[in-house]
>>> print(open('coords20.pdb').read())   # PDB, C-alpha atoms, pLDDT in the B column
MODEL        1
ATOM      1  CA  MET A   1     237.959 -76.177 -56.455  1.00 58.00           C
ATOM      2  CA  SER A   2     240.745 -76.841 -53.978  1.00 70.00           C
ATOM      3  CA  THR A   3     241.015 -80.286 -52.435  1.00 85.00           C
ATOM      4  CA  TYR A   4     243.156 -78.918 -49.613  1.00 90.00           C
ATOM      5  CA  LYS A   5     241.208 -78.355 -46.389  1.00 91.00           C
ATOM      6  CA  PHE A   6     242.229 -74.995 -44.979  1.00 92.00           C
ATOM      7  CA  SER A   7     242.156 -74.527 -41.232  1.00 89.00           C
ATOM      8  CA  GLN A   8     240.509 -71.416 -39.818  1.00 86.00           C
ATOM      9  CA  ALA A   9     243.954 -70.252 -38.681  1.00 88.00           C
ATOM     10  CA  GLU A  10     245.329 -70.576 -42.220  1.00 92.00           C
ATOM     11  CA  ARG A  11     242.348 -68.738 -43.699  1.00 91.00           C
ATOM     12  CA  PHE A  12     242.713 -65.905 -41.193  1.00 89.00           C
ATOM     13  CA  ALA A  13     246.459 -65.646 -41.852  1.00 91.00           C
ATOM     14  CA  ILE A  14     245.963 -65.478 -45.630  1.00 94.00           C
ATOM     15  CA  TYR A  15     243.181 -62.921 -45.258  1.00 92.00           C
ATOM     16  CA  SER A  16     245.089 -60.676 -42.852  1.00 90.00           C
ATOM     17  CA  THR A  17     248.552 -60.915 -44.388  1.00 92.00           C
ATOM     18  CA  HIS A  18     247.383 -59.952 -47.870  1.00 93.00           C
ATOM     19  CA  GLY A  19     245.271 -56.930 -47.058  1.00 90.00           C
ATOM     20  CA  GLU A  20     241.796 -58.467 -46.698  1.00 89.00           C
ATOM     21  CA  LYS A  21     241.107 -58.043 -50.419  1.00 92.00           C
ATOM     22  CA  CYS A  22     240.951 -60.136 -53.577  1.00 94.00           C
ATOM     23  CA  TYR A  23     244.387 -60.249 -55.153  1.00 95.00           C
ATOM     24  CA  LEU A  24     242.881 -60.335 -58.651  1.00 93.00           C
ATOM     25  CA  CYS A  25     240.288 -57.538 -58.603  1.00 92.00           C
ATOM     26  CA  GLY A  26     241.218 -55.679 -55.419  1.00 91.00           C
ATOM     27  CA  LYS A  27     237.732 -55.744 -53.899  1.00 90.00           C
ATOM     28  CA  PRO A  28     237.460 -55.989 -50.082  1.00 89.00           C
ATOM     29  CA  LEU A  29     236.694 -59.494 -48.831  1.00 89.00           C
ATOM     30  CA  ASN A  30     234.592 -60.948 -46.057  1.00 85.00           C
ATOM     31  CA  LEU A  31     236.634 -63.531 -44.140  1.00 85.00           C
ATOM     32  CA  LYS A  32     233.652 -65.873 -43.952  1.00 82.00           C
ATOM     33  CA  THR A  33     233.096 -65.978 -47.732  1.00 87.00           C
ATOM     34  CA  MET A  34     236.700 -65.455 -48.872  1.00 92.00           C
ATOM     35  CA  GLU A  35     238.154 -68.146 -51.116  1.00 94.00           C
ATOM     36  CA  VAL A  36     241.817 -69.125 -51.305  1.00 96.00           C
ATOM     37  CA  ASP A  37     243.447 -69.315 -54.710  1.00 96.00           C
ATOM     38  CA  HIS A  38     246.570 -71.256 -55.595  1.00 96.00           C
ATOM     39  CA  ILE A  39     248.717 -69.025 -57.811  1.00 96.00           C
ATOM     40  CA  ILE A  40     250.094 -72.166 -59.417  1.00 95.00           C
ATOM     41  CA  PRO A  41     247.022 -74.417 -59.617  1.00 95.00           C
ATOM     42  CA  GLU A  42     246.739 -77.247 -57.126  1.00 95.00           C
ATOM     43  CA  SER A  43     245.395 -79.436 -59.940  1.00 94.00           C
ATOM     44  CA  LEU A  44     248.945 -79.691 -61.328  1.00 95.00           C
ATOM     45  CA  LEU A  45     249.789 -82.031 -58.461  1.00 94.00           C
ATOM     46  CA  ALA A  46     248.041 -84.715 -60.506  1.00 93.00           C
ATOM     47  CA  LYS A  47     250.013 -83.736 -63.625  1.00 94.00           C
ATOM     48  CA  PRO A  48     253.717 -84.083 -62.750  1.00 93.00           C
ATOM     49  CA  LYS A  49     255.062 -83.136 -66.174  1.00 95.00           C
ATOM     50  CA  GLU A  50     252.925 -79.998 -66.418  1.00 95.00           C
ATOM     51  CA  LEU A  51     253.814 -79.091 -62.841  1.00 95.00           C
ATOM     52  CA  GLN A  52     257.523 -79.420 -63.518  1.00 95.00           C
ATOM     53  CA  ALA A  53     257.183 -77.286 -66.647  1.00 95.00           C
ATOM     54  CA  ALA A  54     255.319 -74.591 -64.718  1.00 94.00           C
ATOM     55  CA  LEU A  55     257.909 -74.547 -61.939  1.00 95.00           C
ATOM     56  CA  GLU A  56     260.687 -74.196 -64.487  1.00 95.00           C
ATOM     57  CA  ASP A  57     258.826 -71.398 -66.278  1.00 94.00           C
ATOM     58  CA  PHE A  58     258.513 -69.493 -63.009  1.00 93.00           C
ATOM     59  CA  GLU A  59     262.082 -70.349 -61.967  1.00 92.00           C
ATOM     60  CA  LEU A  60     260.861 -72.109 -58.844  1.00 94.00           C
ATOM     61  CA  PRO A  61     262.587 -75.079 -57.188  1.00 94.00           C
ATOM     62  CA  SER A  62     261.223 -78.557 -57.851  1.00 92.00           C
ATOM     63  CA  GLU A  63     260.321 -78.894 -54.164  1.00 94.00           C
ATOM     64  CA  PHE A  64     258.085 -75.795 -54.254  1.00 95.00           C
ATOM     65  CA  ASP A  65     254.995 -76.635 -52.183  1.00 95.00           C
ATOM     66  CA  LEU A  66     251.764 -75.727 -53.954  1.00 95.00           C
ATOM     67  CA  ASN A  67     249.880 -76.097 -50.685  1.00 96.00           C
ATOM     68  CA  SER A  68     251.770 -73.502 -48.705  1.00 96.00           C
ATOM     69  CA  PHE A  69     251.599 -69.819 -47.857  1.00 96.00           C
ATOM     70  CA  ASP A  70     254.069 -69.244 -50.711  1.00 96.00           C
ATOM     71  CA  ASN A  71     251.305 -70.131 -53.170  1.00 96.00           C
ATOM     72  CA  TRP A  72     248.080 -69.053 -51.438  1.00 97.00           C
ATOM     73  CA  LEU A  73     246.291 -65.741 -51.929  1.00 96.00           C
ATOM     74  CA  PRO A  74     242.818 -64.469 -50.976  1.00 95.00           C
ATOM     75  CA  ALA A  75     240.250 -64.185 -53.757  1.00 95.00           C
ATOM     76  CA  CYS A  76     236.577 -63.477 -54.266  1.00 93.00           C
ATOM     77  CA  ASN A  77     234.326 -66.190 -55.677  1.00 92.00           C
ATOM     78  CA  PRO A  78     233.862 -64.624 -59.149  1.00 93.00           C
ATOM     79  CA  CYS A  79     237.605 -64.163 -59.691  1.00 94.00           C
ATOM     80  CA  ASN A  80     238.548 -67.537 -58.248  1.00 93.00           C
ATOM     81  CA  SER A  81     235.904 -69.286 -60.332  1.00 93.00           C
ATOM     82  CA  THR A  82     237.066 -67.519 -63.489  1.00 93.00           C
ATOM     83  CA  LYS A  83     240.731 -68.328 -62.913  1.00 92.00           C
ATOM     84  CA  ASN A  84     239.971 -71.888 -61.806  1.00 90.00           C
ATOM     85  CA  ASP A  85     242.865 -74.118 -62.988  1.00 91.00           C
ATOM     86  CA  LEU A  86     244.404 -71.552 -65.308  1.00 93.00           C
ATOM     87  CA  VAL A  87     248.194 -71.605 -65.349  1.00 93.00           C
ATOM     88  CA  PHE A  88     249.403 -68.031 -65.652  1.00 93.00           C
ATOM     89  CA  VAL A  89     251.752 -67.067 -68.448  1.00 92.00           C
ATOM     90  CA  PRO A  90     255.129 -66.467 -66.739  1.00 90.00           C
ATOM     91  CA  THR A  91     255.180 -62.696 -67.146  1.00 91.00           C
ATOM     92  CA  LEU A  92     257.129 -60.251 -65.001  1.00 91.00           C
ATOM     93  CA  LYS A  93     253.902 -59.306 -63.206  1.00 91.00           C
ATOM     94  CA  ILE A  94     253.260 -62.898 -62.111  1.00 92.00           C
ATOM     95  CA  GLN A  95     256.900 -63.338 -61.121  1.00 92.00           C
ATOM     96  CA  VAL A  96     256.599 -60.280 -58.885  1.00 93.00           C
ATOM     97  CA  LEU A  97     253.335 -61.627 -57.471  1.00 94.00           C
ATOM     98  CA  LEU A  98     254.996 -64.921 -56.533  1.00 94.00           C
ATOM     99  CA  GLN A  99     257.947 -63.113 -54.967  1.00 94.00           C
ATOM    100  CA  HIS A 100     255.629 -60.824 -53.029  1.00 94.00           C
ATOM    101  CA  THR A 101     253.623 -63.804 -51.751  1.00 95.00           C
ATOM    102  CA  SER A 102     256.762 -65.696 -50.788  1.00 94.00           C
ATOM    103  CA  ALA A 103     258.110 -62.647 -48.946  1.00 95.00           C
ATOM    104  CA  LYS A 104     254.989 -62.581 -46.781  1.00 95.00           C
ATOM    105  CA  ALA A 105     254.805 -66.344 -46.276  1.00 95.00           C
ATOM    106  CA  ASP A 106     256.761 -66.358 -43.011  1.00 94.00           C
ATOM    107  CA  ASP A 107     254.525 -63.655 -41.549  1.00 92.00           C
ATOM    108  CA  ALA A 108     251.473 -65.686 -42.529  1.00 93.00           C
ATOM    109  CA  ARG A 109     252.903 -68.847 -40.956  1.00 93.00           C
ATOM    110  CA  LYS A 110     253.614 -67.034 -37.704  1.00 91.00           C
ATOM    111  CA  LEU A 111     250.132 -65.538 -37.649  1.00 89.00           C
ATOM    112  CA  ALA A 112     248.546 -68.947 -38.260  1.00 89.00           C
ATOM    113  CA  LYS A 113     250.481 -70.409 -35.321  1.00 87.00           C
ATOM    114  CA  GLU A 114     249.806 -67.500 -32.984  1.00 82.00           C
ATOM    115  CA  ILE A 115     248.100 -68.586 -29.800  1.00 66.00           C
ATOM    116  CA  VAL A 116     244.812 -66.799 -29.258  1.00 69.00           C
ATOM    117  CA  SER A 117     244.997 -65.142 -25.844  1.00 70.00           C
ATOM    118  CA  LYS A 118     242.233 -65.121 -23.261  1.00 67.00           C
ATOM    119  CA  ARG A 119     242.007 -61.367 -23.748  1.00 67.00           C
ATOM    120  CA  LYS A 120     241.281 -61.702 -27.471  1.00 74.00           C
ATOM    121  CA  ILE A 121     238.662 -64.353 -26.766  1.00 74.00           C
ATOM    122  CA  ALA A 122     237.040 -62.135 -24.144  1.00 71.00           C
ATOM    123  CA  ASN A 123     237.045 -59.177 -26.543  1.00 72.00           C
ATOM    124  CA  ALA A 124     235.445 -61.258 -29.292  1.00 77.00           C
ATOM    125  CA  LEU A 125     232.765 -62.541 -26.955  1.00 75.00           C
ATOM    126  CA  ASN A 126     232.087 -59.022 -25.751  1.00 75.00           C
ATOM    127  CA  VAL A 127     231.511 -57.884 -29.333  1.00 78.00           C
ATOM    128  CA  LEU A 128     228.995 -60.713 -29.744  1.00 79.00           C
ATOM    129  CA  GLU A 129     227.275 -59.771 -26.507  1.00 75.00           C
ATOM    130  CA  ARG A 130     226.910 -56.133 -27.572  1.00 77.00           C
ATOM    131  CA  ALA A 131     225.730 -57.137 -31.042  1.00 78.00           C
ATOM    132  CA  ARG A 132     223.124 -59.395 -29.455  1.00 75.00           C
ATOM    133  CA  ASP A 133     221.912 -56.601 -27.181  1.00 73.00           C
ATOM    134  CA  ASP A 134     221.659 -54.253 -30.176  1.00 76.00           C
ATOM    135  CA  GLY A 135     219.795 -56.845 -32.245  1.00 74.00           C
ATOM    136  CA  LYS A 136     222.617 -57.004 -34.791  1.00 77.00           C
ATOM    137  CA  LEU A 137     223.227 -60.776 -34.730  1.00 75.00           C
ATOM    138  CA  ASP A 138     221.552 -62.159 -37.838  1.00 76.00           C
ATOM    139  CA  ASP A 139     220.178 -65.700 -38.031  1.00 74.00           C
ATOM    140  CA  ASP A 140     223.141 -67.041 -40.021  1.00 77.00           C
ATOM    141  CA  VAL A 141     225.626 -65.897 -37.379  1.00 77.00           C
ATOM    142  CA  ILE A 142     223.506 -67.285 -34.558  1.00 73.00           C
ATOM    143  CA  GLU A 143     223.185 -70.669 -36.270  1.00 75.00           C
ATOM    144  CA  THR A 144     226.939 -70.761 -36.931  1.00 76.00           C
ATOM    145  CA  LEU A 145     227.635 -70.056 -33.264  1.00 73.00           C
ATOM    146  CA  LYS A 146     225.142 -72.670 -32.129  1.00 70.00           C
ATOM    147  CA  GLU A 147     226.684 -75.291 -34.415  1.00 71.00           C
ATOM    148  CA  PHE A 148     230.176 -74.419 -33.188  1.00 70.00           C
ATOM    149  CA  ILE A 149     229.186 -74.632 -29.533  1.00 63.00           C
ATOM    150  CA  SER A 150     227.272 -77.866 -30.104  1.00 64.00           C
ATOM    151  CA  ARG A 151     230.344 -79.478 -31.668  1.00 63.00           C
ATOM    152  CA  HIS A 152     232.704 -78.462 -28.890  1.00 58.00           C
ATOM    153  CA  ARG A 153     230.664 -78.450 -25.700  1.00 56.00           C
ATOM    154  CA  GLN A 154     231.077 -81.193 -23.121  1.00 57.00           C
ATOM    155  CA  PRO A 155     228.874 -84.290 -23.557  1.00 63.00           C
ATOM    156  CA  LYS A 156     227.279 -83.744 -20.141  1.00 60.00           C
ATOM    157  CA  LEU A 157     225.882 -80.419 -21.411  1.00 56.00           C
ATOM    158  CA  ALA A 158     224.142 -81.983 -24.420  1.00 61.00           C
ATOM    159  CA  GLY A 159     220.509 -80.978 -24.640  1.00 59.00           C
ATOM    160  CA  LYS A 160     220.876 -77.992 -22.332  1.00 56.00           C
ATOM    161  CA  PRO A 161     220.215 -74.444 -23.586  1.00 46.00           C
ATOM    162  CA  ILE A 162     223.102 -72.843 -25.479  1.00 46.00           C
ATOM    163  CA  LEU A 163     224.189 -69.367 -24.427  1.00 43.00           C
ATOM    164  CA  LEU A 164     225.887 -67.337 -27.138  1.00 39.00           C
ATOM    165  CA  THR A 165     228.260 -65.524 -24.778  1.00 42.00           C
ATOM    166  CA  PRO A 166     228.722 -67.632 -21.647  1.00 44.00           C
ATOM    167  CA  PHE A 167     231.916 -65.922 -20.487  1.00 54.00           C
ATOM    168  CA  LEU A 168     230.261 -63.867 -17.736  1.00 62.00           C
ATOM    169  CA  GLU A 169     228.581 -65.231 -14.643  1.00 70.00           C
ATOM    170  CA  ILE A 170     226.427 -62.933 -12.524  1.00 73.00           C
ATOM    171  CA  ILE A 171     227.000 -64.066  -8.954  1.00 77.00           C
ATOM    172  CA  THR A 172     224.675 -61.638  -7.196  1.00 79.00           C
ATOM    173  CA  GLU A 173     222.681 -58.507  -7.960  1.00 78.00           C
ATOM    174  CA  ARG A 174     221.695 -56.048  -5.253  1.00 82.00           C
ATOM    175  CA  ASP A 175     220.817 -52.360  -5.156  1.00 81.00           C
ATOM    176  CA  GLY A 176     221.554 -51.909  -8.861  1.00 79.00           C
ATOM    177  CA  ILE A 177     225.010 -53.517  -8.693  1.00 83.00           C
ATOM    178  CA  GLN A 178     225.976 -56.867 -10.186  1.00 80.00           C
ATOM    179  CA  LEU A 179     228.811 -58.962  -8.798  1.00 83.00           C
ATOM    180  CA  VAL A 180     230.231 -60.645 -11.897  1.00 80.00           C
ATOM    181  CA  ARG A 181     232.775 -63.422 -12.460  1.00 79.00           C
ATOM    182  CA  GLY A 182     234.723 -63.079 -15.716  1.00 77.00           C
ATOM    183  CA  PRO A 183     237.902 -64.486 -17.282  1.00 74.00           C
ATOM    184  CA  TYR A 184     239.987 -62.112 -15.138  1.00 79.00           C
ATOM    185  CA  GLY A 185     238.366 -62.494 -11.745  1.00 82.00           C
ATOM    186  CA  VAL A 186     235.357 -61.120  -9.895  1.00 86.00           C
ATOM    187  CA  GLY A 187     234.226 -57.507  -9.992  1.00 85.00           C
ATOM    188  CA  GLY A 188     231.259 -55.186  -9.768  1.00 84.00           C
ATOM    189  CA  ARG A 189     229.313 -53.300 -12.420  1.00 80.00           C
ATOM    190  CA  PRO A 190     225.961 -51.491 -12.748  1.00 79.00           C
ATOM    191  CA  ALA A 191     222.998 -53.745 -13.416  1.00 71.00           C
ATOM    192  CA  ILE A 192     221.535 -51.333 -15.985  1.00 62.00           C
ATOM    193  CA  ARG A 193     222.813 -50.958 -19.554  1.00 55.00           C
ATOM    194  CA  ASP A 194     222.453 -47.164 -19.828  1.00 56.00           C
ATOM    195  CA  THR A 195     225.261 -46.074 -17.536  1.00 55.00           C
ATOM    196  CA  HIS A 196     227.813 -43.296 -17.319  1.00 63.00           C
ATOM    197  CA  SER A 197     230.693 -43.669 -19.794  1.00 61.00           C
ATOM    198  CA  SER A 198     233.172 -43.904 -16.920  1.00 64.00           C
ATOM    199  CA  PHE A 199     232.035 -47.478 -16.341  1.00 65.00           C
ATOM    200  CA  SER A 200     233.060 -48.528 -19.875  1.00 72.00           C
ATOM    201  CA  CYS A 201     236.353 -50.340 -20.380  1.00 75.00           C
ATOM    202  CA  PRO A 202     238.624 -48.357 -22.745  1.00 72.00           C
ATOM    203  CA  ASN A 203     240.028 -51.619 -24.114  1.00 69.00           C
ATOM    204  CA  CYS A 204     237.049 -53.904 -24.787  1.00 65.00           C
ATOM    205  CA  GLY A 205     234.308 -51.254 -24.774  1.00 61.00           C
ATOM    206  CA  SER A 206     232.031 -53.191 -22.449  1.00 62.00           C
ATOM    207  CA  ILE A 207     230.133 -51.940 -19.436  1.00 63.00           C
ATOM    208  CA  ALA A 208     232.932 -53.468 -17.476  1.00 65.00           C
ATOM    209  CA  ALA A 209     232.952 -55.266 -14.182  1.00 74.00           C
ATOM    210  CA  TRP A 210     235.879 -53.796 -12.292  1.00 80.00           C
ATOM    211  CA  ASN A 211     238.092 -55.344  -9.659  1.00 80.00           C
ATOM    212  CA  GLY A 212     239.985 -52.294  -8.536  1.00 80.00           C
ATOM    213  CA  ALA A 213     241.547 -50.958 -11.729  1.00 80.00           C
ATOM    214  CA  ARG A 214     241.256 -54.235 -13.681  1.00 81.00           C
ATOM    215  CA  CYS A 215     238.432 -55.087 -16.073  1.00 81.00           C
ATOM    216  CA  VAL A 216     237.483 -58.687 -15.264  1.00 79.00           C
ATOM    217  CA  ILE A 217     236.123 -59.135 -18.790  1.00 71.00           C
ATOM    218  CA  CYS A 218     239.314 -58.450 -20.785  1.00 71.00           C
ATOM    219  CA  GLY A 219     241.993 -57.954 -18.114  1.00 74.00           C
ATOM    220  CA  GLU A 220     242.740 -54.335 -19.031  1.00 71.00           C
ATOM    221  CA  MET A 221     244.259 -52.180 -16.288  1.00 73.00           C
ATOM    222  CA  SER A 222     242.931 -48.625 -16.217  1.00 69.00           C
ATOM    223  CA  ASP A 223     244.037 -45.647 -14.177  1.00 59.00           C
ATOM    224  CA  GLU A 224     241.197 -43.404 -15.360  1.00 54.00           C
TER     225      GLU A 224
ENDMDL
END
>>> encode(input="coords20.pdb", output="structure tokens")
Amino acid sequence: MSTYKFSQAERFAIYSTHGEKCYLCGKPLNLKTMEVDHIIPESLLAKPKELQAALEDFELPSEFDLNSFDNWLPACNPCNSTKNDLVFVPTLKIQVLLQHTSAKADDARKLAKEIVSKRKIANALNVLERARDDGKLDDDVIETLKEFISRHRQPKLAGKPILLTPFLEIITERDGIQLVRGPYGVGGRPAIRDTHSSFSCPNCGSIAAWNGARCVICGEMSDE
């Protein structure tokens, strides 16, 4: 098991850059349960002589960082558990694998450092809101969200009810129309869920609150 503590940004970058599948068996992965494998085992950090021998076998520089995107790949639990601390035989296939991983390392680093925009946050929250309305949020997801919010909410809010998607504020509701404040301003939308498709935002898919041609939920401009 790795002793390195991966950030969520690093996990997402590894998952996305390498095709969202286990590099050993090729099966699709779930980001939440994905494991990260070190091609050259992290355990060799405690065995300098064996590490140096492995680096020489793979024709890698002595300063090669085992805990870097050059050495990380996504794996499923069965494959990662089976490989464990195994040091691969330096075959052509493994050499190509290392080169392929190194070639994508810069892309992974950039993705890990990418700033998450307000629009992406709004889109993600909208997905959660729709899943909640459709009864698709299972207990594990709800508990994860509650734990996350509890860790990061302001101390003055401690003990108050937790809303799963608190990015919309209904200011007023009259004659079937809601006046809503979102990340991109204030706009109006129907108060009922079953509305004509023309009210839906083509970008985030929500029953949008519109301020002119702008969706106040995700910021999308629409000329439809």
>>> atom_distance(input="coords20.pdb", atom1="CA of Leu97 in chain A", atom2="CA of Met34 in chain A")
19.1 Å
>>> atom_distance(input="coords20.pdb", atom1="CA of Asn77 in chain A", atom2="CA of Lys136 in chain A")
25.6 Å
>>> atom_distance(input="coords20.pdb", atom1="CA of Val87 in chain A", atom2="CA of Glu63 in chain A")
18.0 Å
>>> resolve_selection(input="coords20.pdb", expression="the PyMOL selection byres ((chain A and resi 187) around 12)", output="ChimeraX atom specification")
/A:168-173,177-186,188-190,207-219
>>> closest_residue(input="coords20.pdb", among="A:Ser81, A:Asn123, A:Ser102, A:Ser62", to="Ile14 in chain A", atoms="all atoms listed in the file")
A:Ser102
>>> closest_residue(input="coords20.pdb", among="A:Tyr15, A:Tyr23, A:Phe64, A:Tyr4", to="Ser43 in chain A", atoms="only C-alpha atoms")
A:Tyr4
>>> residues_around(input="coords20.pdb", residues="Phe12 in chain A", least_positions_apart="3", cutoff="10 Å", atoms="all atoms listed in the file", output="list in words")
Phe6, Ser7, Gln8, Ala9, Tyr15, Ser16, Thr17, Glu20, Leu31, Lys32, Met34, Pro74, Ala108, Leu111 and Ala112 of chain A
>>> axis_aligned_box(input="coords20.pdb", around="range 79-96 of chain A", padding_each_side="6 Å", output="AutoDock Vina command-line options")
--center_x 246.5 --center_y -66.7 --center_z -63.3 --size_x 33.2 --size_y 26.8 --size_z 22.2
>>> closest_residue(input="coords20.pdb", among="A:Asp134, A:Ser2, A:Phe58, A:Lys47", to="Leu92 in chain A", atoms="only C-alpha atoms")
A:Phe58
>>> resolve_selection(input="coords20.pdb", expression="the PyMOL selection byres ((chain A and resi 73) around 10)", output="VMD selection string")
chain A and resid 11 14 to 15 17 to 18 21 to 24 35 to 39 69 to 72 74 to 75 97 to 98 101
>>> write_last_selection(input="coords20.pdb", atoms="C-alpha atoms", output="compact mmCIF listing (two decimals), keeping the file's coordinate frame")
# COMPACT_ATOMS: atom_id res chain seq x y z
CA ARG A 11 242.35 -68.74 -43.70
CA ILE A 14 245.96 -65.48 -45.63
CA TYR A 15 243.18 -62.92 -45.26
CA THR A 17 248.55 -60.92 -44.39
CA HIS A 18 247.38 -59.95 -47.87
CA LYS A 21 241.11 -58.04 -50.42
CA CYS A 22 240.95 -60.14 -53.58
CA TYR A 23 244.39 -60.25 -55.15
CA LEU A 24 242.88 -60.34 -58.65
CA GLU A 35 238.15 -68.15 -51.12
CA VAL A 36 241.82 -69.12 -51.30
CA ASP A 37 243.45 -69.32 -54.71
CA HIS A 38 246.57 -71.26 -55.60
CA ILE A 39 248.72 -69.03 -57.81
CA PHE A 69 251.60 -69.82 -47.86
CA ASP A 70 254.07 -69.24 -50.71
CA ASN A 71 251.30 -70.13 -53.17
CA TRP A 72 248.08 -69.05 -51.44
CA PRO A 74 242.82 -64.47 -50.98
CA ALA A 75 240.25 -64.18 -53.76
CA LEU A 97 253.34 -61.63 -57.47
CA LEU A 98 255.00 -64.92 -56.53
CA THR A 101 253.62 -63.80 -51.75
>>> residues_near_point(input="coords20.pdb", point="(224.6, -61.3, -28.5)", cutoff="12 Å", atoms="all atoms listed in the file", output="list in words")
Ala124, Leu125, Asn126, Val127, Leu128, Glu129, Arg130, Ala131, Arg132, Asp133, Asp134, Gly135, Lys136, Leu137, Asp138, Asp139, Val141, Ile142, Leu145, Lys146, Leu163, Leu164, Thr165, Pro166 and Phe167 of chain A
>>> closest_residue(input="coords20.pdb", among="A:Ala105, A:Cys76, A:Asp65, A:Leu45", to="Asn30 in chain A", atoms="only C-alpha atoms")
A:Cys76
>>> resolve_selection(input="coords20.pdb", expression="the PyMOL selection byres ((chain A and resi 89) around 12)", output="PyMOL selection string")
chain A and resi 39-40+53-55+57-58+86-88+90-95
>>> build_atoms(input="coords20.pdb", residues="range 74-85 of chain A", atoms="N, CA and C atoms", output="JSON list (two decimals), in the frame of the given file")
[["chain", "number", "residue", "atom", "x", "y", "z"],
["A", 74, "PRO", "N", 244.27, -64.61, -51.14],
["A", 74, "PRO", "CA", 242.82, -64.47, -50.98],
["A", 74, "PRO", "C", 242.15, -64.01, -52.27],
["A", 75, "ALA", "N", 240.97, -64.55, -52.53],
["A", 75, "ALA", "CA", 240.25, -64.18, -53.76],
["A", 75, "ALA", "C", 238.75, -64.19, -53.51],
["A", 76, "CYS", "N", 238.04, -63.44, -54.32],
["A", 76, "CYS", "CA", 236.58, -63.48, -54.27],
["A", 76, "CYS", "C", 236.09, -64.65, -55.12],
["A", 77, "ASN", "N", 234.85, -65.04, -54.93],
["A", 77, "ASN", "CA", 234.33, -66.19, -55.68],
["A", 77, "ASN", "C", 234.33, -65.98, -57.19],
["A", 78, "PRO", "N", 233.87, -64.81, -57.69],
["A", 78, "PRO", "CA", 233.86, -64.62, -59.15],
["A", 78, "PRO", "C", 235.25, -64.75, -59.77],
["A", 79, "CYS", "N", 236.25, -64.11, -59.14],
["A", 79, "CYS", "CA", 237.60, -64.16, -59.69],
["A", 79, "CYS", "C", 238.19, -65.57, -59.59],
["A", 80, "ASN", "N", 237.99, -66.20, -58.44],
["A", 80, "ASN", "CA", 238.55, -67.54, -58.25],
["A", 80, "ASN", "C", 237.90, -68.54, -59.20],
["A", 81, "SER", "N", 236.61, -68.38, -59.42],
["A", 81, "SER", "CA", 235.90, -69.29, -60.33],
["A", 81, "SER", "C", 236.36, -69.08, -61.77],
["A", 82, "THR", "N", 236.61, -67.82, -62.13],
["A", 82, "THR", "CA", 237.07, -67.52, -63.49],
["A", 82, "THR", "C", 238.47, -68.05, -63.73],
["A", 83, "LYS", "N", 239.35, -67.84, -62.76],
["A", 83, "LYS", "CA", 240.73, -68.33, -62.91],
["A", 83, "LYS", "C", 240.77, -69.85, -62.89],
["A", 84, "ASN", "N", 240.08, -70.44, -61.92],
["A", 84, "ASN", "CA", 239.97, -71.89, -61.81],
["A", 84, "ASN", "C", 241.36, -72.54, -61.88],
["A", 85, "ASP", "N", 241.59, -73.40, -62.87],
["A", 85, "ASP", "CA", 242.86, -74.12, -62.99],
["A", 85, "ASP", "C", 243.81, -73.49, -64.00]]
